[in-house]
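Student: PDB, C-alpha atoms, file run-v3.pdb:
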```
ATOM      1  CA  MET A   5     -15.343  19.338  28.732
ATOM      2  CA  LYS A   6     -14.773  23.031  29.307
ATOM      3  CA  GLN A   7     -16.730  25.541  27.258
ATOM      4  CA  ILE A   8     -14.565  27.167  24.601
ATOM      5  CA  SER A   9     -15.087  28.706  21.196
ATOM      6  CA  LEU A  10     -14.680  26.768  17.958
ATOM      7  CA  GLU A  11     -11.662  28.890  17.102
ATOM      8  CA  GLU A  12     -10.020  27.993  20.421
ATOM      9  CA  ALA A  13     -10.779  24.301  19.936
ATOM     10  CA  ILE A  14      -9.150  24.378  16.496
ATOM     11  CA  VAL A  15      -6.070  26.145  17.897
ATOM     12  CA  GLU A  16      -5.790  23.398  20.516
ATOM     13  CA  LEU A  17      -6.030  20.762  17.795
ATOM     14  CA  LYS A  18      -3.229  22.396  15.805
ATOM     15  CA  GLU A  19      -1.093  22.504  18.957
ATOM     16  CA  ARG A  20      -1.600  18.785  19.383
ATOM     17  CA  GLU A  21      -0.180  18.264  15.904
ATOM     18  CA  LYS A  22       3.055  19.818  17.178
ATOM     19  CA  THR A  23       2.874  17.621  20.271
ATOM     20  CA  LEU A  24       2.559  14.530  18.072
ATOM     21  CA  LEU A  25       5.769  15.348  16.204
ATOM     22  CA  LYS A  26       7.663  16.061  19.425
ATOM     23  CA  LEU A  27       6.398  12.812  20.913
ATOM     24  CA  ALA A  28       7.575  10.837  17.888
ATOM     25  CA  GLU A  29      11.041  12.361  18.151
ATOM     26  CA  LYS A  30      11.190  11.681  21.879
ATOM     27  CA  MET A  31      10.202   8.045  21.371
ATOM     28  CA  LEU A  32      12.710   7.424  18.590
ATOM     29  CA  LEU A  33      15.548   8.934  20.640
ATOM     30  CA  ALA A  34      14.662   6.959  23.785
ATOM     31  CA  ASP A  35      17.002   4.146  24.870
ATOM     32  CA  ASN A  36      19.822   5.556  22.731
ATOM     33  CA  GLY A  37      17.770   5.308  19.570
ATOM     34  CA  ASN A  38      17.143   1.566  19.703
ATOM     35  CA  ILE A  39      14.019   0.521  17.832
ATOM     36  CA  PHE A  40      11.644  -2.150  19.085
ATOM     37  CA  ARG A  41       8.461  -3.711  17.807
ATOM     38  CA  ILE A  42       6.301  -1.427  19.944
ATOM     39  CA  ASP A  43       8.040   1.534  18.303
ATOM     40  CA  LEU A  44       6.888   0.259  14.924
ATOM     41  CA  PHE A  45       3.341  -0.113  16.192
ATOM     42  CA  SER A  46       3.491   3.389  17.699
ATOM     43  CA  ILE A  47       4.868   4.903  14.503
ATOM     44  CA  GLY A  48       1.976   3.398  12.566
ATOM     45  CA  ALA A  49      -0.515   4.827  15.062
ATOM     46  CA  MET A  50       1.136   8.251  14.924
ATOM     47  CA  LYS A  51       1.253   8.327  11.124
ATOM     48  CA  ARG A  52      -2.419   7.398  10.966
ATOM     49  CA  THR A  53      -3.165  10.070  13.552
ATOM     50  CA  SER A  54      -1.224  12.736  11.663
ATOM     51  CA  SER A  55      -3.144  11.967   8.480
ATOM     52  CA  ASN A  56      -6.473  11.883  10.297
ATOM     53  CA  LEU A  57      -5.746  15.138  12.102
ATOM     54  CA  ASN A  58      -4.928  17.071   8.950
ATOM     55  CA  GLY A  59      -7.897  15.645   7.097
ATOM     56  CA  PHE A  60     -10.189  16.372  10.026
ATOM     57  CA  LEU A  61      -9.063  20.002  10.220
ATOM     58  CA  SER A  62      -9.768  20.493   6.528
ATOM     59  CA  LEU A  63     -13.210  18.933   6.857
ATOM     60  CA  VAL A  64     -14.186  21.051   9.862
ATOM     61  CA  GLU A  65     -13.025  24.223   8.142
ATOM     62  CA  ALA A  66     -15.060  23.158   5.070
ATOM     63  CA  LYS A  67     -18.119  22.535   7.311
ATOM     64  CA  ASN A  68     -18.319  18.891   6.260
ATOM     65  CA  MET A  69     -19.904  17.276   9.316
ATOM     66  CA  GLN A  70     -20.554  13.784   7.949
ATOM     67  CA  SER A  71     -16.977  13.183   6.870
ATOM     68  CA  SER A  72     -15.656  14.856  10.042
ATOM     69  CA  ARG A  73     -17.597  12.344  12.111
ATOM     70  CA  SER A  74     -16.299   9.464  10.007
ATOM     71  CA  LEU A  75     -12.711  10.534  10.632
ATOM     72  CA  LEU A  76     -13.360  10.996  14.341
ATOM     73  CA  ARG A  77     -14.656   7.431  14.502
ATOM     74  CA  ILE A  78     -11.503   6.217  12.760
ATOM     75  CA  GLN A  79      -9.339   8.149  15.211
ATOM     76  CA  LEU A  80     -11.173   6.637  18.175
ATOM     77  CA  ASP A  81     -10.340   3.259  16.672
ATOM     78  CA  THR A  82      -6.639   4.183  16.772
ATOM     79  CA  PHE A  83      -6.357   4.519  20.535
ATOM     80  CA  ILE A  84      -8.861   1.722  21.159
ATOM     81  CA  ARG A  85      -6.637  -0.705  19.271
ATOM     82  CA  PHE A  86      -3.525   0.719  20.886
ATOM     83  CA  HIS A  87      -5.109  -0.219  24.194
ATOM     84  CA  ALA A  88      -5.204  -3.823  22.988
ATOM     85  CA  LEU A  89      -1.403  -3.805  22.931
ATOM     86  CA  THR A  90      -1.343  -3.021  26.658
ATOM     87  CA  ILE A  91      -3.488  -5.960  27.767
ATOM     88  CA  VAL A  92      -1.782  -8.918  26.089
ATOM     89  CA  ASN A  93       0.823 -11.260  27.544
ATOM     90  CA  ASP A  94       3.271 -11.045  24.649
ATOM     91  CA  HIS A  95       3.567  -7.542  23.214
ATOM     92  CA  ASN A  96       6.068  -8.540  20.543
ATOM     93  CA  LYS A  97       3.888 -11.374  19.247
ATOM     94  CA  PHE A  98       0.923  -8.999  19.170
ATOM     95  CA  VAL A  99       2.833  -6.535  16.981
ATOM     96  CA  ASP A 100       4.096  -9.358  14.755
ATOM     97  CA  ASP A 101       0.527 -10.558  14.288
ATOM     98  CA  VAL A 102      -0.625  -7.033  13.392
ATOM     99  CA  LEU A 103       2.234  -6.748  10.903
ATOM    100  CA  ASP A 104       1.049 -10.055   9.421
ATOM    101  CA  ASP A 105      -2.397  -8.433   8.925
ATOM    102  CA  LYS A 106      -4.098 -10.649  11.491
ATOM    103  CA  HIS A 107      -7.308  -9.183  12.885
ATOM    104  CA  ILE A 108      -7.075  -7.889  16.445
ATOM    105  CA  ARG A 109     -10.668  -9.030  17.007
ATOM    106  CA  ASN A 110      -9.439 -12.632  16.684
ATOM    107  CA  MET A 111      -6.603 -12.184  19.190
ATOM    108  CA  LYS A 112      -6.977 -12.723  22.935
ATOM    109  CA  ASP A 113      -5.955 -10.602  25.887
ATOM    110  CA  LYS A 114      -4.051 -11.906  28.912
ATOM    111  CA  ASP A 115      -7.326 -13.147  30.432
ATOM    112  CA  GLY A 116      -8.265 -15.146  27.347
ATOM    113  CA  ASN A 117     -10.924 -12.758  26.041
ATOM    114  CA  ARG A 118     -11.231 -12.057  22.318
ATOM    115  CA  MET A 119     -10.393  -8.425  21.722
ATOM    116  CA  THR A 120     -13.359  -7.424  19.620
ATOM    117  CA  ASP A 121     -14.103  -3.738  19.189
ATOM    118  CA  GLY A 122     -17.056  -4.041  21.550
ATOM    119  CA  TYR A 123     -14.940  -5.721  24.223
ATOM    120  CA  LEU A 124     -12.205  -3.077  24.000
ATOM    121  CA  VAL A 125     -14.718  -0.221  24.056
ATOM    122  CA  ASN A 126     -16.399  -1.656  27.156
ATOM    123  CA  LEU A 127     -13.050  -1.915  28.933
ATOM    124  CA  LEU A 128     -12.103   1.656  28.088
ATOM    125  CA  ALA A 129     -15.565   2.963  28.968
ATOM    126  CA  ILE A 130     -14.767   2.212  32.617
ATOM    127  CA  GLU A 131     -12.224   5.056  32.510
ATOM    128  CA  TYR A 132     -13.889   7.077  29.743
ATOM    129  CA  PRO A 133     -17.668   6.805  30.249
ATOM    130  CA  TRP A 134     -18.408   8.981  27.206
ATOM    131  CA  LEU A 135     -16.706   6.544  24.843
ATOM    132  CA  LYS A 136     -19.366   3.842  24.556
ATOM    133  CA  ASP A 137     -22.200   6.011  23.264
ATOM    134  CA  THR A 138     -19.877   8.174  21.173
ATOM    135  CA  TYR A 139     -18.344   5.135  19.484
ATOM    136  CA  LYS A 140     -21.760   3.601  18.833
ATOM    137  CA  ASN A 141     -23.198   6.804  17.377
ATOM    138  CA  LEU A 142     -20.198   7.464  15.148
ATOM    139  CA  SER A 143     -20.079   3.901  13.814
ATOM    140  CA  GLY A 144     -23.135   4.696  11.719
ATOM    141  CA  TYR A 145     -20.991   7.066   9.655
ATOM    142  CA  ILE A 146     -18.523   4.355   8.584
ATOM    143  CA  HIS A 147     -21.040   2.276   6.636
ATOM    144  CA  PHE A 148     -23.934   3.807   4.699
ATOM    145  CA  SER A 149     -26.790   4.010   7.179
ATOM    146  CA  GLY A 150     -29.645   6.084   8.526
ATOM    147  CA  LYS A 151     -27.079   8.580   9.841
ATOM    148  CA  HIS A 152     -26.456   9.655   6.248
ATOM    149  CA  LEU A 153     -30.160   9.865   5.459
ATOM    150  CA  PHE A 154     -30.935  12.034   8.454
ATOM    151  CA  GLY A 155     -27.797  14.064   7.807
ATOM    152  CA  SER A 156     -29.227  15.213   4.498
ATOM    153  CA  VAL A 157     -32.188  16.899   6.210
ATOM    154  CA  GLU A 158     -31.517  20.616   6.440
ATOM    155  CA  ASP A 159     -34.852  21.790   7.834
ATOM    156  CA  ILE A 160     -38.185  20.396   9.036
ATOM    157  CA  ASN A 161     -41.250  22.624   8.840
ATOM    158  CA  ASP A 162     -44.055  20.973  10.798
ATOM    159  CA  LYS A 163     -46.524  23.716   9.972
ATOM    160  CA  LYS A 164     -46.074  23.299   6.239
ATOM    161  CA  GLN A 165     -45.345  19.575   6.552
ATOM    162  CA  ALA A 166     -42.251  20.130   4.453
ATOM    163  CA  LEU A 167     -38.696  18.843   4.496
ATOM    164  CA  THR A 168     -35.690  20.661   3.085
ATOM    165  CA  PHE A 169     -32.777  18.474   1.996
ATOM    166  CA  SER A 170     -29.179  19.373   1.299
ATOM    167  CA  ILE A 171     -26.718  17.339  -0.738
ATOM    168  CA  GLY A 172     -24.182  20.117  -1.076
ATOM    169  CA  LYS A 173     -20.617  20.156   0.199
ATOM    170  CA  LYS A 174     -21.338  22.162   3.364
ATOM    171  CA  ASP A 175     -23.426  21.171   6.366
ATOM    172  CA  GLU A 176     -24.753  24.548   7.411
ATOM    173  CA  GLN A 177     -27.615  23.168   9.503
ATOM    174  CA  TYR A 178     -25.471  22.293  12.518
ATOM    175  CA  PRO A 179     -25.077  24.815  15.359
ATOM    176  CA  LYS A 180     -21.614  25.980  16.354
ATOM    177  CA  GLU A 181     -21.885  23.889  19.525
ATOM    178  CA  SER A 182     -21.895  20.711  17.416
ATOM    179  CA  TRP A 183     -18.661  21.739  15.713
ATOM    180  CA  ILE A 184     -17.035  22.586  19.039
ATOM    181  CA  GLU A 185     -18.095  19.231  20.454
ATOM    182  CA  ILE A 186     -16.625  17.201  17.620
ATOM    183  CA  VAL A 187     -13.294  19.072  17.680
ATOM    184  CA  GLN A 188     -13.022  18.695  21.448
ATOM    185  CA  CYS A 189     -13.746  14.982  21.127
ATOM    186  CA  PHE A 190     -10.992  14.642  18.535
ATOM    187  CA  ASN A 191      -8.647  16.480  20.889
ATOM    188  CA  LYS A 192      -9.563  14.098  23.700
ATOM    189  CA  SER A 193      -8.896  11.083  21.496
ATOM    190  CA  LEU A 194      -5.414  12.434  20.786
ATOM    191  CA  ASP A 195      -4.724  13.002  24.473
ATOM    192  CA  ILE A 196      -5.550   9.366  25.245
ATOM    193  CA  LEU A 197      -3.263   8.087  22.491
ATOM    194  CA  PHE A 198      -0.481  10.394  23.697
ATOM    195  CA  GLN A 199      -0.804   8.904  27.189
ATOM    196  CA  TYR A 200      -0.162   5.419  25.810
ATOM    197  CA  ILE A 201       2.864   6.535  23.815
ATOM    198  CA  ASN A 202       4.295   8.500  26.755
ATOM    199  CA  SER A 203       3.934   5.404  28.927
ATOM    200  CA  TRP A 204       5.859   3.374  26.357
ATOM    201  CA  ILE A 205       8.630   5.986  26.293
ATOM    202  CA  VAL A 206       8.986   5.682  30.081
ATOM    203  CA  VAL A 207       9.170   1.886  29.851
ATOM    204  CA  LYS A 208      11.596   2.040  26.941
ATOM    205  CA  ASN A 209      14.002   4.269  28.873
ATOM    206  CA  LYS A 210      13.878   2.289  32.122
ATOM    207  CA  THR A 211      13.546  -1.385  31.220
ATOM    208  CA  PRO A 212      16.848  -3.176  30.493
ATOM    209  CA  ASN A 213      17.260  -6.099  28.100
ATOM    210  CA  LYS A 214      14.148  -5.399  26.057
ATOM    211  CA  THR A 215      13.485  -7.796  23.204
ATOM    212  CA  SER A 216      13.483  -6.055  19.842
TER     213      SER A 216
END
```
Please go through the file and, once you have read it, give me the structure as structure tokens.
Tutor:
Amino acid sequence: MKQISLEEAIVELKEREKTLLKLAEKMLLADNGNIFRIDLFSIGAMKRTSSNLNGFLSLVEAKNMQSSRSLLRIQLDTFIRFHALTIVNDHNKFVDDVLDDKHIRNMKDKDGNRMTDGYLVNLLAIEYPWLKDTYKNLSGYIHFSGKHLFGSVEDINDKKQALTFSIGKKDEQYPKESWIEIVQCFNKSLDILFQYINSWIVVKNKTPNKTS
């Protein structure tokens, strides 16, 4: 990723919020406004993304690193599960199953493989090598774990053999580079999701006799 300031990274994130709204409008107007099951799935992904994006911005501006990382992990999950839609034989059945609250991890792709989170991450890591380690590291922020214990350490003084802990609202111990990295990663996760939705818009406009 290119080196930019935190302020620039946040501006880029806010621009992507505008892109999300434009993309939603473009998708809903495609094919003369006809609505299909994949549209419903996409709308759900975009709504989740919009909520995550706004929450993430607030958390970064409040210097809340632990919760920012939790939301980033959730946003990664959004495009990872969207990818599952692209590798099944019957897209409509897949969406119906999701609407019926069936777990994607119990569904199979077109090659007969169960689409667990680990399986989907490994597939995507071929194109996005950074994803595997990032996903693994961030998963520790979803459930209470050692990530939260270490995150409370504000300073280590080896000379005095002393630890300083912080349980306040702000995480001041992180360098600016850490904040830039997490915002850029969130931006990247949005770009990947946007690629999937743009691809669906192209298909929606060009493929005749689609099943709703």
Student: Here's the selection I'm unsure about, the PyMOL selection byres ((chain A and resi 33-44) around 10); applied to the file above, which residues does it give, as a PyMOL selection string?
Tutor: chain A and resi 27-32+45-50+89+95-100+103+201+204-212+214-216
Student: Include C-alpha atoms and write out the residues we just selected as a CSV table (one decimal), in the coordinates of the input.
Tutor:
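Dumped everything to selection35.csv:
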```csv
chain,number,residue,atom,x,y,z
A,27,LEU,CA,6.4,12.8,20.9
A,28,ALA,CA,7.6,10.8,17.9
A,29,GLU,CA,11.0,12.4,18.2
A,30,LYS,CA,11.2,11.7,21.9
A,31,MET,CA,10.2,8.0,21.4
A,32,LEU,CA,12.7,7.4,18.6
A,45,PHE,CA,3.3,-0.1,16.2
A,46,SER,CA,3.5,3.4,17.7
A,47,ILE,CA,4.9,4.9,14.5
A,48,GLY,CA,2.0,3.4,12.6
A,49,ALA,CA,-0.5,4.8,15.1
A,50,MET,CA,1.1,8.3,14.9
A,89,LEU,CA,-1.4,-3.8,22.9
A,95,HIS,CA,3.6,-7.5,23.2
A,96,ASN,CA,6.1,-8.5,20.5
A,97,LYS,CA,3.9,-11.4,19.2
A,98,PHE,CA,0.9,-9.0,19.2
A,99,VAL,CA,2.8,-6.5,17.0
A,100,ASP,CA,4.1,-9.4,14.8
A,103,LEU,CA,2.2,-6.7,10.9
A,201,ILE,CA,2.9,6.5,23.8
A,204,TRP,CA,5.9,3.4,26.4
A,205,ILE,CA,8.6,6.0,26.3
A,206,VAL,CA,9.0,5.7,30.1
A,207,VAL,CA,9.2,1.9,29.9
A,208,LYS,CA,11.6,2.0,26.9
A,209,ASN,CA,14.0,4.3,28.9
A,210,LYS,CA,13.9,2.3,32.1
A,211,THR,CA,13.5,-1.4,31.2
A,212,PRO,CA,16.8,-3.2,30.5
A,214,LYS,CA,14.1,-5.4,26.1
A,215,THR,CA,13.5,-7.8,23.2
A,216,SER,CA,13.5,-6.1,19.8
```
Student: Report as a VMD selection string all protein, DNA and RNA residues lying within 12 Å of Leu10 (chain A), evaluated on only C-alpha atoms, omitting residues in the same chain fewer than 6 positions from it.
Tutor: chain A and resid 16 to 17 61 64 to 65 67 179 to 188
Student: Any chance you could work out the residue set of the PyMOL selection byres ((chain A and resi 124-137) around 12) here, as a PyMOL selection string?
Tutor: chain A and resi 5+76-77+80-91+108-109+111-113+117-123+138-144+189-190+192-193+196
Student: Which residues are near Glu21 (chain A)? Cut-off 9 Å, only C-alpha atoms, ignore same chain within fewer than 4 positions. Put them as an MDAnalysis selection string.
Tutor: chainID A and resid 16:17 25:26 54 57:58
Student: Can you measure CA of Ser9 (chain A) to CA of Gln199 (chain A) for me? One decimal in Å is fine.
Tutor: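 CA of Gln199 (chain A) lies at a distance of 25.1 Å from CA of Ser9 (chain A).
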Student: To one decimal place in Å, what is the distance between CA of Glu11 (chain A) and CA of Tyr178 (chain A)?
Tutor: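 CA of Tyr178 (chain A) lies 16.0 Å from CA of Glu11 (chain A).
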